[in-house]
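*Asks:* Contents of my_file_36.cif (mmCIF, N, CA and C atoms) are below:
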```
data_work
#
loop_
_atom_site.label_atom_id
_atom_site.label_comp_id
_atom_site.auth_asym_id
_atom_site.auth_seq_id
_atom_site.Cartn_x
_atom_site.Cartn_y
_atom_site.Cartn_z
N MET A 30 46.61 112.37 148.58
CA MET A 30 47.69 113.11 147.96
C MET A 30 49.04 112.49 148.30
N GLU A 31 49.17 112.07 149.53
CA GLU A 31 50.42 111.48 149.96
C GLU A 31 50.72 110.20 149.18
N GLU A 32 49.67 109.44 148.90
CA GLU A 32 49.84 108.21 148.13
C GLU A 32 50.30 108.53 146.71
N GLY A 33 49.73 109.54 146.11
CA GLY A 33 50.12 109.97 144.77
C GLY A 33 51.56 110.45 144.73
N LEU A 34 51.95 111.18 145.76
CA LEU A 34 53.33 111.68 145.85
C LEU A 34 54.30 110.52 146.00
N LYS A 35 53.89 109.53 146.79
CA LYS A 35 54.72 108.36 147.01
C LYS A 35 54.92 107.60 145.70
N LYS A 36 53.81 107.42 144.95
CA LYS A 36 53.89 106.73 143.66
C LYS A 36 54.76 107.52 142.67
N ARG A 37 54.60 108.81 142.69
CA ARG A 37 55.38 109.68 141.79
C ARG A 37 56.87 109.57 142.12
N LEU A 38 57.21 109.59 143.40
CA LEU A 38 58.61 109.46 143.83
C LEU A 38 59.16 108.08 143.45
N GLN A 39 58.33 107.03 143.57
CA GLN A 39 58.76 105.69 143.18
C GLN A 39 59.03 105.64 141.68
N GLU A 40 58.15 106.30 140.92
CA GLU A 40 58.32 106.34 139.46
C GLU A 40 59.60 107.08 139.09
N ILE A 41 59.84 108.20 139.74
CA ILE A 41 61.07 108.97 139.49
C ILE A 41 62.29 108.13 139.86
N GLY A 42 62.21 107.41 140.98
CA GLY A 42 63.31 106.55 141.41
C GLY A 42 63.58 105.45 140.39
N ARG A 43 62.49 104.86 139.84
CA ARG A 43 62.64 103.80 138.83
C ARG A 43 63.28 104.35 137.56
N ILE A 44 62.85 105.54 137.15
CA ILE A 44 63.41 106.18 135.94
C ILE A 44 64.89 106.48 136.14
N ILE A 45 65.22 107.02 137.29
CA ILE A 45 66.63 107.32 137.60
C ILE A 45 67.46 106.04 137.59
N GLU A 46 66.91 104.97 138.16
CA GLU A 46 67.63 103.69 138.19
C GLU A 46 67.85 103.16 136.78
N GLU A 47 66.82 103.23 135.93
CA GLU A 47 66.94 102.76 134.55
C GLU A 47 67.99 103.57 133.80
N GLN A 48 67.91 104.89 133.95
CA GLN A 48 68.88 105.74 133.26
C GLN A 48 70.29 105.50 133.80
N GLY A 49 70.39 105.30 135.10
CA GLY A 49 71.70 105.00 135.69
C GLY A 49 72.27 103.71 135.14
N ASN A 50 71.41 102.69 135.00
CA ASN A 50 71.86 101.41 134.44
C ASN A 50 72.31 101.57 132.99
N GLU A 51 71.56 102.35 132.22
CA GLU A 51 71.94 102.60 130.83
C GLU A 51 73.29 103.31 130.75
N ILE A 52 73.46 104.29 131.61
CA ILE A 52 74.74 105.03 131.64
C ILE A 52 75.87 104.09 132.04
N LEU A 53 75.64 103.25 133.04
CA LEU A 53 76.68 102.30 133.46
C LEU A 53 77.04 101.34 132.32
N GLU A 54 76.05 100.88 131.58
CA GLU A 54 76.33 100.00 130.44
C GLU A 54 77.16 100.72 129.39
N LYS A 55 76.80 101.95 129.08
CA LYS A 55 77.55 102.73 128.09
C LYS A 55 78.97 102.97 128.56
N VAL A 56 79.13 103.30 129.84
CA VAL A 56 80.46 103.53 130.39
C VAL A 56 81.29 102.25 130.31
N ALA A 57 80.66 101.11 130.64
CA ALA A 57 81.38 99.83 130.59
C ALA A 57 81.81 99.52 129.15
N GLU A 58 80.90 99.75 128.18
CA GLU A 58 81.24 99.51 126.78
C GLU A 58 82.37 100.42 126.32
N GLU A 59 82.28 101.69 126.71
CA GLU A 59 83.33 102.65 126.33
C GLU A 59 84.66 102.28 126.97
N ALA A 60 84.61 101.83 128.22
CA ALA A 60 85.84 101.42 128.91
C ALA A 60 86.47 100.22 128.20
N GLN A 61 85.63 99.28 127.75
CA GLN A 61 86.16 98.13 127.02
C GLN A 61 86.78 98.57 125.70
N THR A 62 86.13 99.49 125.01
CA THR A 62 86.66 100.00 123.74
C THR A 62 87.99 100.70 123.96
N ILE A 63 88.04 101.54 124.98
CA ILE A 63 89.28 102.26 125.30
C ILE A 63 90.38 101.27 125.68
N GLY A 64 90.03 100.26 126.46
CA GLY A 64 91.00 99.23 126.85
C GLY A 64 91.57 98.50 125.65
N LYS A 65 90.70 98.15 124.69
CA LYS A 65 91.15 97.47 123.49
C LYS A 65 92.06 98.38 122.67
N GLN A 66 91.67 99.65 122.54
CA GLN A 66 92.50 100.58 121.78
C GLN A 66 93.85 100.78 122.46
N ALA A 67 93.85 100.85 123.78
CA ALA A 67 95.10 101.01 124.51
C ALA A 67 95.99 99.78 124.31
N LYS A 68 95.39 98.61 124.36
CA LYS A 68 96.15 97.37 124.15
C LYS A 68 96.76 97.36 122.74
N ASP A 69 95.95 97.74 121.74
CA ASP A 69 96.44 97.80 120.36
C ASP A 69 97.59 98.81 120.23
N SER A 70 97.43 99.97 120.87
CA SER A 70 98.48 101.00 120.81
C SER A 70 99.76 100.52 121.47
N ILE A 71 99.63 99.84 122.58
CA ILE A 71 100.81 99.30 123.28
C ILE A 71 101.51 98.27 122.40
N GLU A 72 100.73 97.43 121.74
CA GLU A 72 101.31 96.42 120.85
C GLU A 72 102.05 97.08 119.68
N LYS A 73 101.44 98.11 119.10
CA LYS A 73 102.10 98.83 118.01
C LYS A 73 103.39 99.47 118.50
N ALA A 74 103.34 100.08 119.68
CA ALA A 74 104.53 100.72 120.24
C ALA A 74 105.63 99.68 120.50
N ARG A 75 105.23 98.51 120.98
CA ARG A 75 106.21 97.44 121.25
C ARG A 75 106.87 97.01 119.94
N LYS A 76 106.07 96.85 118.89
CA LYS A 76 106.63 96.44 117.60
C LYS A 76 107.57 97.51 117.05
N LYS A 77 107.17 98.78 117.16
CA LYS A 77 108.03 99.87 116.68
C LYS A 77 109.33 99.89 117.48
N THR A 78 109.24 99.70 118.78
CA THR A 78 110.44 99.68 119.63
C THR A 78 111.37 98.55 119.20
N GLU A 79 110.79 97.37 118.92
CA GLU A 79 111.59 96.25 118.44
C GLU A 79 112.28 96.59 117.12
N GLU A 80 111.52 97.22 116.21
CA GLU A 80 112.09 97.61 114.93
C GLU A 80 113.24 98.59 115.12
N ILE A 81 113.06 99.55 116.01
CA ILE A 81 114.11 100.54 116.27
C ILE A 81 115.35 99.86 116.84
N LEU A 82 115.15 98.97 117.80
CA LEU A 82 116.28 98.26 118.40
C LEU A 82 117.00 97.40 117.36
N ASN A 83 116.23 96.73 116.51
CA ASN A 83 116.84 95.91 115.46
C ASN A 83 117.62 96.79 114.49
N SER A 84 117.04 97.93 114.15
CA SER A 84 117.74 98.85 113.24
C SER A 84 119.03 99.36 113.87
N ALA A 85 118.97 99.68 115.15
CA ALA A 85 120.17 100.15 115.85
C ALA A 85 121.25 99.08 115.83
N GLN A 86 120.86 97.82 116.03
CA GLN A 86 121.84 96.73 115.98
C GLN A 86 122.42 96.57 114.58
N GLU A 87 121.56 96.70 113.57
CA GLU A 87 122.04 96.61 112.20
C GLU A 87 123.02 97.75 111.88
N ILE A 88 122.71 98.93 112.36
CA ILE A 88 123.59 100.08 112.14
C ILE A 88 124.94 99.84 112.80
N GLU A 89 124.94 99.33 114.02
CA GLU A 89 126.20 99.04 114.71
C GLU A 89 127.00 97.99 113.95
N ALA A 90 126.33 96.98 113.42
CA ALA A 90 127.02 95.95 112.64
C ALA A 90 127.64 96.57 111.38
N LEU A 91 126.91 97.45 110.73
CA LEU A 91 127.45 98.13 109.55
C LEU A 91 128.64 99.01 109.91
N LYS A 92 128.55 99.71 111.04
CA LYS A 92 129.68 100.54 111.49
C LYS A 92 130.91 99.67 111.72
N ASP A 93 130.72 98.50 112.32
CA ASP A 93 131.85 97.60 112.56
C ASP A 93 132.47 97.15 111.24
N ARG A 94 131.63 96.86 110.25
CA ARG A 94 132.15 96.46 108.94
C ARG A 94 132.92 97.61 108.29
N VAL A 95 132.42 98.83 108.42
CA VAL A 95 133.12 99.99 107.84
C VAL A 95 134.46 100.18 108.54
N ARG A 96 134.48 100.05 109.87
CA ARG A 96 135.75 100.18 110.61
C ARG A 96 136.76 99.13 110.14
N ALA A 97 136.27 97.90 109.95
CA ALA A 97 137.17 96.83 109.49
C ALA A 97 137.71 97.15 108.10
N LEU A 98 136.85 97.66 107.23
CA LEU A 98 137.31 98.04 105.89
C LEU A 98 138.34 99.17 105.96
N GLU A 99 138.09 100.14 106.82
CA GLU A 99 139.04 101.25 106.97
C GLU A 99 140.39 100.74 107.46
N GLU A 100 140.37 99.81 108.41
CA GLU A 100 141.62 99.25 108.92
C GLU A 100 142.37 98.51 107.81
N ARG A 101 141.63 97.73 107.00
CA ARG A 101 142.26 97.03 105.89
C ARG A 101 142.81 98.01 104.86
N GLN A 102 142.11 99.10 104.65
CA GLN A 102 142.55 100.12 103.70
C GLN A 102 143.86 100.75 104.18
N VAL A 103 143.94 101.03 105.49
CA VAL A 103 145.17 101.61 106.05
C VAL A 103 146.33 100.62 105.89
N LYS A 104 146.07 99.35 106.18
CA LYS A 104 147.12 98.34 106.03
C LYS A 104 147.58 98.24 104.58
N LEU A 105 146.62 98.23 103.65
CA LEU A 105 146.96 98.16 102.24
C LEU A 105 147.76 99.38 101.81
N SER A 106 147.38 100.53 102.30
CA SER A 106 148.09 101.77 101.98
C SER A 106 149.52 101.69 102.50
N ASP A 107 149.68 101.18 103.70
CA ASP A 107 151.03 101.03 104.27
C ASP A 107 151.87 100.05 103.43
N GLU A 108 151.25 98.96 103.02
CA GLU A 108 151.97 97.97 102.21
C GLU A 108 152.36 98.56 100.85
N ILE A 109 151.46 99.33 100.25
CA ILE A 109 151.75 99.96 98.96
C ILE A 109 152.88 100.98 99.12
N SER A 110 152.84 101.72 100.23
CA SER A 110 153.93 102.68 100.49
C SER A 110 155.26 101.96 100.64
N GLY A 111 155.24 100.85 101.37
CA GLY A 111 156.46 100.06 101.55
C GLY A 111 156.96 99.51 100.22
N LEU A 112 156.04 99.04 99.41
CA LEU A 112 156.41 98.50 98.10
C LEU A 112 156.98 99.60 97.21
N ALA A 113 156.36 100.77 97.26
CA ALA A 113 156.87 101.90 96.46
C ALA A 113 158.26 102.29 96.93
N ARG A 114 158.50 102.27 98.23
CA ARG A 114 159.82 102.60 98.76
C ARG A 114 160.85 101.58 98.28
N LEU A 115 160.45 100.29 98.34
CA LEU A 115 161.38 99.26 97.85
C LEU A 115 161.66 99.40 96.36
N MET A 116 160.63 99.72 95.60
CA MET A 116 160.80 99.93 94.18
C MET A 116 161.74 101.10 93.92
N GLY A 117 161.59 102.16 94.71
CA GLY A 117 162.48 103.32 94.59
C GLY A 117 163.92 102.94 94.89
N GLU A 118 164.11 102.13 95.92
CA GLU A 118 165.47 101.69 96.28
C GLU A 118 166.07 100.82 95.16
N LEU A 119 165.23 99.94 94.63
CA LEU A 119 165.70 99.07 93.54
C LEU A 119 166.10 99.89 92.32
N LEU A 120 165.25 100.86 91.98
CA LEU A 120 165.53 101.70 90.83
C LEU A 120 166.81 102.53 91.06
N ALA A 121 167.02 102.93 92.28
CA ALA A 121 168.21 103.72 92.60
C ALA A 121 169.47 102.87 92.44
N LYS A 122 169.37 101.58 92.74
CA LYS A 122 170.52 100.69 92.63
C LYS A 122 170.80 100.32 91.17
N LEU A 123 169.72 100.38 90.37
CA LEU A 123 169.91 100.03 88.96
C LEU A 123 170.48 101.22 88.27
#
```
Starting from the file, lay out its structure as structure tokens.

*Replies:*
Amino acid sequence: MEEGLKKRLQEIGRIIEEQGNEILEKVAEEAQTIGKQAKDSIEKARKKTEEILNSAQEIEALKDRVRALEERQVKLSDEISGLARLMGELLAKL
């Protein structure tokens, strides 16, 4: 009986080892899949971050152009006012 029990325990041990190896293989495969997905997600996030930063730079450049246009508009308005004042003075003298 003891020999039969010993063989049975050895068989159970072998089955547990096989199942453990299968589980370890599945875990390793899943870990590799998760790692690849994480790498892909990080790459996508990096690209999106680059796009956002580039967009922010483009927006700042556009703001600078608008500011420059506004400054030129103010200068032109001042010059037109000055010209109108001179025209008024000329007309008053005529």

*Asks:* As an exercise, work out the distance from atom C of Lys73 (chain A) to CA of Asp93 (chain A) in Å and give it to one decimal place.

*Replies:*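 Computing the Euclidean distance for atom C of Lys73 (chain A) and CA of Asp93 (chain A) yields 29.1 Å.
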
*Asks:* Hey, can I get the axis-aligned box for region 47-54 of chain A? All listed atoms, 8 Å padding on each side, centre and edge lengths in Å to one decimal, as lines of an AutoDock Vina configuration file.

*Replies:*
```
center_x = 72.0
center_y = 102.9
center_z = 132.7
size_x = 26.3
size_y = 21.7
size_z = 22.5
```

*Asks:* Can you work out the spacing between atom N of Gln102 (chain A) and atom C of Gly117 (chain A) in Å, to one decimal?

*Replies:* 24.2 Å

*Asks:* Report the distance between atom N of Glu31 (chain A) and CA of Ile44 (chain A) in Å, rounded to one decimal place.

*Replies:*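 Computed distance, atom N of Glu31 (chain A) to CA of Ile44 (chain A), equals 20.5 Å.
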
*Asks:* Once N, CA, C and O atoms are restored for region 65-91 of chain A, what would the output be as a compact mmCIF listing (two decimals), in the frame of the given file?

*Replies:*
```txt
# COMPACT_ATOMS: atom_id res chain seq x y z
N LYS A 65 90.70 98.15 124.69
CA LYS A 65 91.15 97.47 123.49
C LYS A 65 92.06 98.38 122.67
O LYS A 65 93.11 97.94 122.18
N GLN A 66 91.67 99.65 122.54
CA GLN A 66 92.50 100.58 121.78
C GLN A 66 93.85 100.78 122.46
O GLN A 66 94.88 100.85 121.79
N ALA A 67 93.85 100.85 123.78
CA ALA A 67 95.10 101.01 124.51
C ALA A 67 95.99 99.78 124.31
O ALA A 67 97.20 99.91 124.08
N LYS A 68 95.39 98.61 124.36
CA LYS A 68 96.15 97.37 124.15
C LYS A 68 96.76 97.36 122.74
O LYS A 68 97.92 97.01 122.57
N ASP A 69 95.95 97.74 121.74
CA ASP A 69 96.44 97.80 120.36
C ASP A 69 97.59 98.81 120.23
O ASP A 69 98.59 98.54 119.57
N SER A 70 97.43 99.97 120.87
CA SER A 70 98.48 101.00 120.81
C SER A 70 99.76 100.52 121.47
O SER A 70 100.85 100.75 120.96
N ILE A 71 99.63 99.84 122.58
CA ILE A 71 100.81 99.30 123.28
C ILE A 71 101.51 98.27 122.40
O ILE A 71 102.74 98.25 122.30
N GLU A 72 100.73 97.43 121.74
CA GLU A 72 101.31 96.42 120.85
C GLU A 72 102.05 97.08 119.68
O GLU A 72 103.16 96.67 119.32
N LYS A 73 101.44 98.11 119.10
CA LYS A 73 102.10 98.83 118.01
C LYS A 73 103.39 99.47 118.50
O LYS A 73 104.42 99.43 117.82
N ALA A 74 103.34 100.08 119.68
CA ALA A 74 104.53 100.72 120.24
C ALA A 74 105.63 99.68 120.50
O ALA A 74 106.81 99.93 120.24
N ARG A 75 105.23 98.51 120.98
CA ARG A 75 106.21 97.44 121.25
C ARG A 75 106.87 97.01 119.94
O ARG A 75 108.10 96.85 119.87
N LYS A 76 106.07 96.85 118.89
CA LYS A 76 106.63 96.44 117.60
C LYS A 76 107.57 97.51 117.05
O LYS A 76 108.64 97.20 116.53
N LYS A 77 107.17 98.78 117.16
CA LYS A 77 108.03 99.87 116.68
C LYS A 77 109.33 99.89 117.48
O LYS A 77 110.41 100.09 116.91
N THR A 78 109.24 99.70 118.78
CA THR A 78 110.44 99.68 119.63
C THR A 78 111.37 98.55 119.20
O THR A 78 112.59 98.74 119.10
N GLU A 79 110.79 97.37 118.92
CA GLU A 79 111.59 96.25 118.44
C GLU A 79 112.28 96.59 117.12
O GLU A 79 113.46 96.30 116.94
N GLU A 80 111.52 97.22 116.21
CA GLU A 80 112.09 97.61 114.93
C GLU A 80 113.24 98.59 115.12
O GLU A 80 114.28 98.48 114.46
N ILE A 81 113.06 99.55 116.01
CA ILE A 81 114.11 100.54 116.27
C ILE A 81 115.35 99.86 116.84
O ILE A 81 116.47 100.14 116.41
N LEU A 82 115.15 98.97 117.80
CA LEU A 82 116.28 98.26 118.40
C LEU A 82 117.00 97.40 117.36
O LEU A 82 118.24 97.37 117.31
N ASN A 83 116.23 96.73 116.51
CA ASN A 83 116.84 95.91 115.46
C ASN A 83 117.62 96.79 114.49
O ASN A 83 118.72 96.43 114.06
N SER A 84 117.04 97.93 114.15
CA SER A 84 117.74 98.85 113.24
C SER A 84 119.03 99.36 113.87
O SER A 84 120.06 99.47 113.20
N ALA A 85 118.97 99.68 115.15
CA ALA A 85 120.17 100.15 115.85
C ALA A 85 121.25 99.08 115.83
O ALA A 85 122.43 99.38 115.61
N GLN A 86 120.86 97.82 116.03
CA GLN A 86 121.84 96.73 115.98
C GLN A 86 122.42 96.57 114.58
O GLN A 86 123.62 96.34 114.42
N GLU A 87 121.56 96.70 113.57
CA GLU A 87 122.04 96.61 112.20
C GLU A 87 123.02 97.75 111.88
O GLU A 87 124.04 97.53 111.23
N ILE A 88 122.71 98.93 112.36
CA ILE A 88 123.59 100.08 112.14
C ILE A 88 124.94 99.84 112.80
O ILE A 88 125.99 100.12 112.21
N GLU A 89 124.94 99.33 114.02
CA GLU A 89 126.20 99.04 114.71
C GLU A 89 127.00 97.99 113.95
O GLU A 89 128.22 98.11 113.84
N ALA A 90 126.33 96.98 113.42
CA ALA A 90 127.02 95.95 112.64
C ALA A 90 127.64 96.57 111.38
O ALA A 90 128.78 96.25 111.02
N LEU A 91 126.91 97.45 110.73
CA LEU A 91 127.45 98.13 109.55
C LEU A 91 128.64 99.01 109.91
O LEU A 91 129.64 99.05 109.18
```
